[in-house]
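K.L.:
Contents are PDB, C-alpha atoms, pLDDT in the B column; file name start_32.pdb:
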```
ATOM      1  CA  MET A   1       3.244  14.762   0.841  1.00 43.00           C
ATOM      2  CA  SER A   2       4.846  13.305   3.921  1.00 50.00           C
ATOM      3  CA  THR A   3       3.916  10.673   6.463  1.00 49.00           C
ATOM      4  CA  PRO A   4       0.308  11.135   7.621  1.00 50.00           C
ATOM      5  CA  ALA A   5       0.047  13.582  10.522  1.00 47.00           C
ATOM      6  CA  GLY A   6       0.807  11.953  13.832  1.00 46.00           C
ATOM      7  CA  ILE A   7       1.810   8.639  12.224  1.00 48.00           C
ATOM      8  CA  GLN A   8       5.399   7.510  12.366  1.00 49.00           C
ATOM      9  CA  ALA A   9       7.192   4.493  11.031  1.00 50.00           C
ATOM     10  CA  ASP A  10       6.070   1.630  13.237  1.00 50.00           C
ATOM     11  CA  SER A  11       9.366   0.423  14.706  1.00 57.00           C
ATOM     12  CA  GLY A  12       7.613  -2.435  16.525  1.00 69.00           C
ATOM     13  CA  ASN A  13       5.387  -3.141  13.504  1.00 78.00           C
ATOM     14  CA  LYS A  14       2.293  -2.785  15.700  1.00 74.00           C
ATOM     15  CA  LEU A  15       0.129  -2.071  12.649  1.00 80.00           C
ATOM     16  CA  GLY A  16       1.252  -5.233  10.831  1.00 85.00           C
ATOM     17  CA  TRP A  17      -1.990  -6.977  11.864  1.00 87.00           C
ATOM     18  CA  LEU A  18      -3.896  -4.667   9.501  1.00 84.00           C
ATOM     19  CA  LEU A  19      -2.183  -6.316   6.545  1.00 93.00           C
ATOM     20  CA  GLU A  20      -3.066  -9.931   7.419  1.00 91.00           C
ATOM     21  CA  GLU A  21      -6.218 -10.002   5.298  1.00 89.00           C
ATOM     22  CA  LEU A  22      -4.049  -9.579   2.208  1.00 93.00           C
ATOM     23  CA  GLU A  23      -2.192 -12.813   2.934  1.00 92.00           C
ATOM     24  CA  LEU A  24      -3.778 -14.550  -0.065  1.00 95.00           C
ATOM     25  CA  PRO A  25      -2.450 -17.315  -2.326  1.00 96.00           C
ATOM     26  CA  GLY A  26       0.252 -15.822  -4.520  1.00 97.00           C
ATOM     27  CA  VAL A  27       0.893 -12.771  -2.300  1.00 97.00           C
ATOM     28  CA  ARG A  28       4.531 -12.517  -1.235  1.00 97.00           C
ATOM     29  CA  PHE A  29       4.252  -9.572   1.159  1.00 97.00           C
ATOM     30  CA  VAL A  30       2.446  -6.308   1.920  1.00 97.00           C
ATOM     31  CA  VAL A  31       3.837  -2.966   3.101  1.00 97.00           C
ATOM     32  CA  LEU A  32       1.956   0.058   4.439  1.00 95.00           C
ATOM     33  CA  LEU A  33       3.959   3.164   3.578  1.00 95.00           C
ATOM     34  CA  SER A  34       3.785   6.916   3.438  1.00 94.00           C
ATOM     35  CA  GLU A  35       3.657   8.707   0.092  1.00 92.00           C
ATOM     36  CA  ASP A  36       7.194   9.922   0.728  1.00 94.00           C
ATOM     37  CA  GLY A  37       8.470   6.333   0.958  1.00 96.00           C
ATOM     38  CA  LEU A  38       8.690   5.600   4.685  1.00 96.00           C
ATOM     39  CA  ARG A  39       7.587   2.193   5.901  1.00 96.00           C
ATOM     40  CA  ILE A  40       4.740   2.445   8.383  1.00 93.00           C
ATOM     41  CA  ALA A  41       4.111  -1.307   8.793  1.00 93.00           C
ATOM     42  CA  HIS A  42       4.733  -4.576   6.976  1.00 95.00           C
ATOM     43  CA  SER A  43       3.392  -8.112   6.790  1.00 95.00           C
ATOM     44  CA  ARG A  44       5.218 -10.860   8.644  1.00 94.00           C
ATOM     45  CA  SER A  45       6.408 -12.364   5.349  1.00 95.00           C
ATOM     46  CA  ILE A  46       9.033  -9.644   4.766  1.00 96.00           C
ATOM     47  CA  VAL A  47      11.855  -8.433   7.009  1.00 96.00           C
ATOM     48  CA  ARG A  48      11.985  -4.803   8.049  1.00 95.00           C
ATOM     49  CA  ASP A  49      15.030  -3.827   5.935  1.00 97.00           C
ATOM     50  CA  ASP A  50      13.435  -5.235   2.771  1.00 97.00           C
ATOM     51  CA  ALA A  51      10.113  -3.575   3.660  1.00 97.00           C
ATOM     52  CA  GLU A  52      11.892  -0.223   3.962  1.00 97.00           C
ATOM     53  CA  ARG A  53      13.587  -0.686   0.592  1.00 98.00           C
ATOM     54  CA  PHE A  54      10.284  -1.714  -0.994  1.00 98.00           C
ATOM     55  CA  ALA A  55       8.535   1.325   0.543  1.00 98.00           C
ATOM     56  CA  ALA A  56      11.052   3.708  -1.009  1.00 97.00           C
ATOM     57  CA  ALA A  57      10.739   2.047  -4.435  1.00 97.00           C
ATOM     58  CA  ALA A  58       6.915   1.854  -4.278  1.00 97.00           C
ATOM     59  CA  SER A  59       6.757   5.557  -3.477  1.00 96.00           C
ATOM     60  CA  GLY A  60       8.867   6.283  -6.548  1.00 95.00           C
ATOM     61  CA  LEU A  61       6.618   4.083  -8.678  1.00 95.00           C
ATOM     62  CA  ARG A  62       3.592   5.963  -7.355  1.00 94.00           C
ATOM     63  CA  SER A  63       5.191   9.305  -8.293  1.00 92.00           C
ATOM     64  CA  LEU A  64       5.889   8.088 -11.819  1.00 93.00           C
ATOM     65  CA  GLY A  65       2.283   6.901 -12.135  1.00 90.00           C
ATOM     66  CA  LYS A  66       0.996  10.312 -11.032  1.00 88.00           C
ATOM     67  CA  ALA A  67       3.176  12.055 -13.605  1.00 89.00           C
ATOM     68  CA  LEU A  68       1.999   9.723 -16.371  1.00 89.00           C
ATOM     69  CA  GLY A  69      -1.629  10.136 -15.307  1.00 87.00           C
ATOM     70  CA  GLU A  70      -1.368  13.903 -15.556  1.00 87.00           C
ATOM     71  CA  CYS A  71       0.429  13.619 -18.896  1.00 88.00           C
ATOM     72  CA  CYS A  72      -2.158  11.264 -20.366  1.00 90.00           C
ATOM     73  CA  GLY A  73      -5.286  12.235 -18.423  1.00 84.00           C
ATOM     74  CA  GLY A  74      -4.729  15.925 -17.818  1.00 78.00           C
ATOM     75  CA  PRO A  75      -4.023  18.044 -14.751  1.00 80.00           C
ATOM     76  CA  GLY A  76      -5.773  16.960 -11.581  1.00 78.00           C
ATOM     77  CA  THR A  77      -6.120  13.347 -12.728  1.00 79.00           C
ATOM     78  CA  ASP A  78      -6.154  11.139  -9.626  1.00 82.00           C
ATOM     79  CA  LEU A  79      -4.015   8.012  -9.624  1.00 84.00           C
ATOM     80  CA  LEU A  80      -6.018   5.162  -8.119  1.00 83.00           C
ATOM     81  CA  GLN A  81      -3.664   2.193  -8.416  1.00 89.00           C
ATOM     82  CA  ASN A  82      -0.352   1.172  -9.994  1.00 92.00           C
ATOM     83  CA  ILE A  83       0.023  -2.387 -11.226  1.00 93.00           C
ATOM     84  CA  THR A  84       3.416  -3.415 -12.572  1.00 94.00           C
ATOM     85  CA  GLU A  85       4.017  -6.833 -14.069  1.00 95.00           C
ATOM     86  CA  TYR A  86       7.461  -8.343 -14.428  1.00 94.00           C
ATOM     87  CA  ASP A  87       8.833 -11.804 -15.302  1.00 95.00           C
ATOM     88  CA  HIS A  88       8.208 -13.418 -11.916  1.00 94.00           C
ATOM     89  CA  GLY A  89       5.303 -11.457 -10.489  1.00 96.00           C
ATOM     90  CA  MET A  90       3.463  -8.216  -9.973  1.00 96.00           C
ATOM     91  CA  ILE A  91       3.592  -5.123  -7.789  1.00 97.00           C
ATOM     92  CA  PHE A  92       0.411  -3.315  -6.723  1.00 96.00           C
ATOM     93  CA  VAL A  93       0.405   0.150  -5.122  1.00 96.00           C
ATOM     94  CA  THR A  94      -2.825   1.855  -4.059  1.00 93.00           C
ATOM     95  CA  ALA A  95      -3.831   4.870  -1.956  1.00 90.00           C
ATOM     96  CA  ALA A  96      -4.726   4.041   1.660  1.00 89.00           C
ATOM     97  CA  GLY A  97      -5.796   7.324   3.184  1.00 80.00           C
ATOM     98  CA  ARG A  98      -4.363  10.796   2.894  1.00 80.00           C
ATOM     99  CA  GLY A  99      -0.596  10.428   2.620  1.00 87.00           C
ATOM    100  CA  ALA A 100      -0.539   6.623   2.945  1.00 92.00           C
ATOM    101  CA  LEU A 101      -0.174   3.801   0.428  1.00 94.00           C
ATOM    102  CA  LEU A 102      -0.487   0.018   0.396  1.00 95.00           C
ATOM    103  CA  GLY A 103       2.163  -1.837  -1.583  1.00 97.00           C
ATOM    104  CA  LEU A 104       1.944  -5.543  -2.381  1.00 97.00           C
ATOM    105  CA  SER A 105       4.232  -8.007  -4.136  1.00 98.00           C
ATOM    106  CA  ALA A 106       2.745 -11.139  -5.706  1.00 98.00           C
ATOM    107  CA  THR A 107       3.714 -14.122  -7.834  1.00 97.00           C
ATOM    108  CA  THR A 108       2.362 -14.662 -11.337  1.00 95.00           C
ATOM    109  CA  GLU A 109      -0.180 -17.148  -9.910  1.00 95.00           C
ATOM    110  CA  VAL A 110      -2.047 -14.468  -7.923  1.00 96.00           C
ATOM    111  CA  ASP A 111      -5.723 -13.731  -8.592  1.00 96.00           C
ATOM    112  CA  VAL A 112      -5.306 -10.126  -9.785  1.00 95.00           C
ATOM    113  CA  ALA A 113      -8.991  -9.201  -9.462  1.00 95.00           C
ATOM    114  CA  LEU A 114      -9.202 -10.569  -5.913  1.00 95.00           C
ATOM    115  CA  VAL A 115      -6.022  -8.795  -4.816  1.00 95.00           C
ATOM    116  CA  ALA A 116      -7.109  -5.472  -6.325  1.00 92.00           C
ATOM    117  CA  HIS A 117     -10.537  -5.783  -4.684  1.00 92.00           C
ATOM    118  CA  ARG A 118      -9.126  -6.720  -1.264  1.00 94.00           C
ATOM    119  CA  MET A 119      -6.540  -3.932  -1.457  1.00 93.00           C
ATOM    120  CA  ASN A 120      -9.255  -1.372  -2.115  1.00 90.00           C
ATOM    121  CA  GLU A 121     -11.337  -2.668   0.801  1.00 92.00           C
ATOM    122  CA  LEU A 122      -8.351  -2.659   3.128  1.00 92.00           C
ATOM    123  CA  ALA A 123      -7.277   0.789   1.947  1.00 89.00           C
ATOM    124  CA  ARG A 124     -10.564   2.224   3.201  1.00 86.00           C
ATOM    125  CA  ARG A 125     -10.099   0.546   6.589  1.00 85.00           C
ATOM    126  CA  VAL A 126      -6.455   1.569   6.846  1.00 81.00           C
ATOM    127  CA  GLY A 127      -7.415   5.179   6.133  1.00 71.00           C
ATOM    128  CA  HIS A 128      -9.871   4.996   9.028  1.00 69.00           C
ATOM    129  CA  GLU A 129      -7.324   3.345  11.336  1.00 68.00           C
ATOM    130  CA  LEU A 130      -4.624   5.892  10.530  1.00 70.00           C
ATOM    131  CA  GLY A 131      -7.154   8.672  11.028  1.00 61.00           C
ATOM    132  CA  SER A 132      -8.048   7.440  14.485  1.00 55.00           C
ATOM    133  CA  LEU A 133      -4.372   7.085  15.403  1.00 56.00           C
ATOM    134  CA  SER A 134      -3.548  10.632  14.379  1.00 52.00           C
ATOM    135  CA  GLY A 135      -6.766  12.309  15.487  1.00 45.00           C
ATOM    136  CA  GLN A 136      -7.666  13.089  11.879  1.00 39.00           C
ATOM    137  CA  ARG A 137      -9.966  11.388   9.435  1.00 35.00           C
ATOM    138  CA  PHE A 138      -8.218  10.092   6.315  1.00 33.00           C
ATOM    139  CA  ASP A 139     -10.331   9.390   3.251  1.00 37.00           C
ATOM    140  CA  HIS A 140      -9.303   6.815   0.673  1.00 36.00           C
ATOM    141  CA  GLY A 141     -10.074   9.227  -2.156  1.00 39.00           C
ATOM    142  CA  ARG A 142     -12.697   7.121  -3.922  1.00 37.00           C
ATOM    143  CA  SER A 143     -16.429   7.428  -4.015  1.00 33.00           C
TER
END
```
With the file now loaded, output its structure as structure tokens.
P.N.:
Amino acid sequence: MSTPAGIQADSGNKLGWLLEELELPGVRFVVLLSEDGLRIAHSRSIVRDDAERFAAAASGLRSLGKALGECCGGPGTDLLQNITEYDHGMIFVTAAGRGALLGLSATTEVDVALVAHRMNELARRVGHELGSLSGQRFDHGRS
């Protein structure tokens, strides 16, 4: 899937304000991206070039998660969220409307439950915001 209809990479980062509520203790940065790896917006704590690189990598991680979900859960299994832990932190990637994802980088001191909860809340709002920008309604994909 490509960038949500009518939504383009935000060269002026006008949608960056949407990501401010994820500026929690232990969160390094947040990136709103398309499923195909294009940066749509980013938090002020990451520069654009790094946000674009992160978007491409997060999209790849999402694709791997989908493949593993289908392998382990069967065809049609929906991937809700990727969480990857490494030596110095964690990466979270979650759906944020049709064709959009939220990616977040955090330190090891982050409150994982709070971040996951806030990401899910924001994902619903971002789906709505992207839908209004493109003239379509985007659903988060969760009941």
K.L.:
For the interface of region 32-137 of chain A with region 20-25 of chain A (cut-off 9 Å, counting all atoms listed in the file), please tabulate each contacting residue of region 32-137 of chain A alongside its nearest pair of atoms and their separation in Å to one decimal, rows sorted by chain and increasing number, as CSV.
P.N.:
```
residue,atom,partner,partner_atom,distance
A:Ser43,CA,A:Glu20,CA,6.7
A:Arg44,CA,A:Glu20,CA,8.4
A:Ser45,CA,A:Glu23,CA,8.9
A:Leu104,CA,A:Leu22,CA,8.6
A:Ala106,CA,A:Pro25,CA,8.7
A:Thr107,CA,A:Pro25,CA,8.9
A:Glu109,CA,A:Pro25,CA,7.9
A:Val110,CA,A:Pro25,CA,6.3
A:Asp111,CA,A:Pro25,CA,7.9
A:Leu114,CA,A:Leu24,CA,8.9
A:Val115,CA,A:Leu22,CA,7.3
A:Arg118,CA,A:Leu22,CA,6.8
A:Met119,CA,A:Leu22,CA,7.2
A:Leu122,CA,A:Glu21,CA,7.9
```
K.L.:
Just need the box for region 106-113 of chain A, edges along x, y and z, holding every atom the file lists for it with 5 Å tacked onto each side, so centre and edge lengths in Å to one decimal, as JSON.
P.N.:
```
{"center_x": -2.6, "center_y": -13.2, "center_z": -8.5, "size_x": 22.7, "size_y": 17.9, "size_z": 15.6}
```
K.L.:
How many Å separate CA of Val112 (chain A) from CA of Asp87 (chain A)?
P.N.:
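Rounded to one decimal, the two atoms are 15.3 Å apart.
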K.L.:
Kindly indicate which residue among A:Ser105, A:Ala51, A:Ala56, A:Arg98 lies nearest to Ala123 (chain A), using all atoms listed in the file for the distances.
P.N.:
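Ranked by minimum distance to Ala123 (chain A), first place goes to A:Arg98.
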K.L.:
Which residues are near Thr84 (chain A)? Cut-off 12 Å, only C-alpha atoms, ignore same chain within fewer than 2 positions. Put them as a PyMOL selection string.
P.N.:
chain A and resi 58+61-62+64-65+81-82+86-94+103-108+112
K.L.:
Can you write just those residues out, C-alpha atoms, as a PDB file, in the coordinates of the input?
P.N.:
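The result, written out as again.pdb:
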```
ATOM      1  CA  ALA A  58       6.915   1.854  -4.278  1.00 97.00           C
ATOM      2  CA  LEU A  61       6.618   4.083  -8.678  1.00 95.00           C
ATOM      3  CA  ARG A  62       3.592   5.963  -7.355  1.00 94.00           C
ATOM      4  CA  LEU A  64       5.889   8.088 -11.819  1.00 93.00           C
ATOM      5  CA  GLY A  65       2.283   6.901 -12.135  1.00 90.00           C
ATOM      6  CA  GLN A  81      -3.664   2.193  -8.416  1.00 89.00           C
ATOM      7  CA  ASN A  82      -0.352   1.172  -9.994  1.00 92.00           C
ATOM      8  CA  TYR A  86       7.461  -8.343 -14.428  1.00 94.00           C
ATOM      9  CA  ASP A  87       8.833 -11.804 -15.302  1.00 95.00           C
ATOM     10  CA  HIS A  88       8.208 -13.418 -11.916  1.00 94.00           C
ATOM     11  CA  GLY A  89       5.303 -11.457 -10.489  1.00 96.00           C
ATOM     12  CA  MET A  90       3.463  -8.216  -9.973  1.00 96.00           C
ATOM     13  CA  ILE A  91       3.592  -5.123  -7.789  1.00 97.00           C
ATOM     14  CA  PHE A  92       0.411  -3.315  -6.723  1.00 96.00           C
ATOM     15  CA  VAL A  93       0.405   0.150  -5.122  1.00 96.00           C
ATOM     16  CA  THR A  94      -2.825   1.855  -4.059  1.00 93.00           C
ATOM     17  CA  GLY A 103       2.163  -1.837  -1.583  1.00 97.00           C
ATOM     18  CA  LEU A 104       1.944  -5.543  -2.381  1.00 97.00           C
ATOM     19  CA  SER A 105       4.232  -8.007  -4.136  1.00 98.00           C
ATOM     20  CA  ALA A 106       2.745 -11.139  -5.706  1.00 98.00           C
ATOM     21  CA  THR A 107       3.714 -14.122  -7.834  1.00 97.00           C
ATOM     22  CA  THR A 108       2.362 -14.662 -11.337  1.00 95.00           C
ATOM     23  CA  VAL A 112      -5.306 -10.126  -9.785  1.00 95.00           C
TER      24      VAL A 112
END
```
K.L.:
Which of these, A:Gly97, A:Gly73, A:Gly16, A:Gly127, has the shortest distance to Arg48 (chain A) once you count all atoms listed in the file?
P.N.:
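Residue with the minimum atom-to-atom distance to Arg48 (chain A): A:Gly16.
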K.L.:
What is the distance, in Å and to one decimal place, between CA of Trp17 (chain A) and CA of Leu79 (chain A)?
P.N.:
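CA of Trp17 (chain A) sits 26.3 Å away from CA of Leu79 (chain A).
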K.L.:
Point out the residue among A:His42, A:Val27, A:Ala96, A:Lys14 with the least atom-to-atom distance to Arg124 (chain A), counting all atoms listed in the file.
P.N.:
A:Ala96
K.L.:
So, with only C-alpha atoms as the atoms that count, which of A:Glu85, A:Glu52, A:Glu70, A:Glu121 lies closest to Asp36 (chain A)?
P.N.:
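Selected residue with least distance to Asp36 (chain A): A:Glu52.
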K.L.:
Rounded to one decimal, what separation in Å do you get between CA of Leu33 (chain A) and CA of Ala57 (chain A)?
P.N.:
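It comes out at 10.6 Å.
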K.L.:
Which residues, written as a list in words, have at least one atom at most 7 Å from Leu32 (chain A), with only C-alpha atoms counted and residues fewer than 5 positions away on the same chain left out?
P.N.:
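Contacts, in chain order: Arg39, Ile40, Ala41, His42, Leu101, Leu102 and Gly103 of chain A.
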K.L.:
Calculated over all atoms listed in the file, which of the candidates A:Ala100, A:Ala67, A:Ala113, A:Leu15 has the smallest distance to Leu38 (chain A)?
P.N.:
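Once distances to Leu38 (chain A) are computed over all atoms listed in the file, the minimum belongs to A:Ala100.
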K.L.:
Taking all atoms listed in the file into account, name the residue in A:Ala116, A:Leu19, A:Val31, A:Val126 that is nearest to Ile83 (chain A).
P.N.:
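Closest to Ile83 (chain A) of all the choices is A:Ala116.
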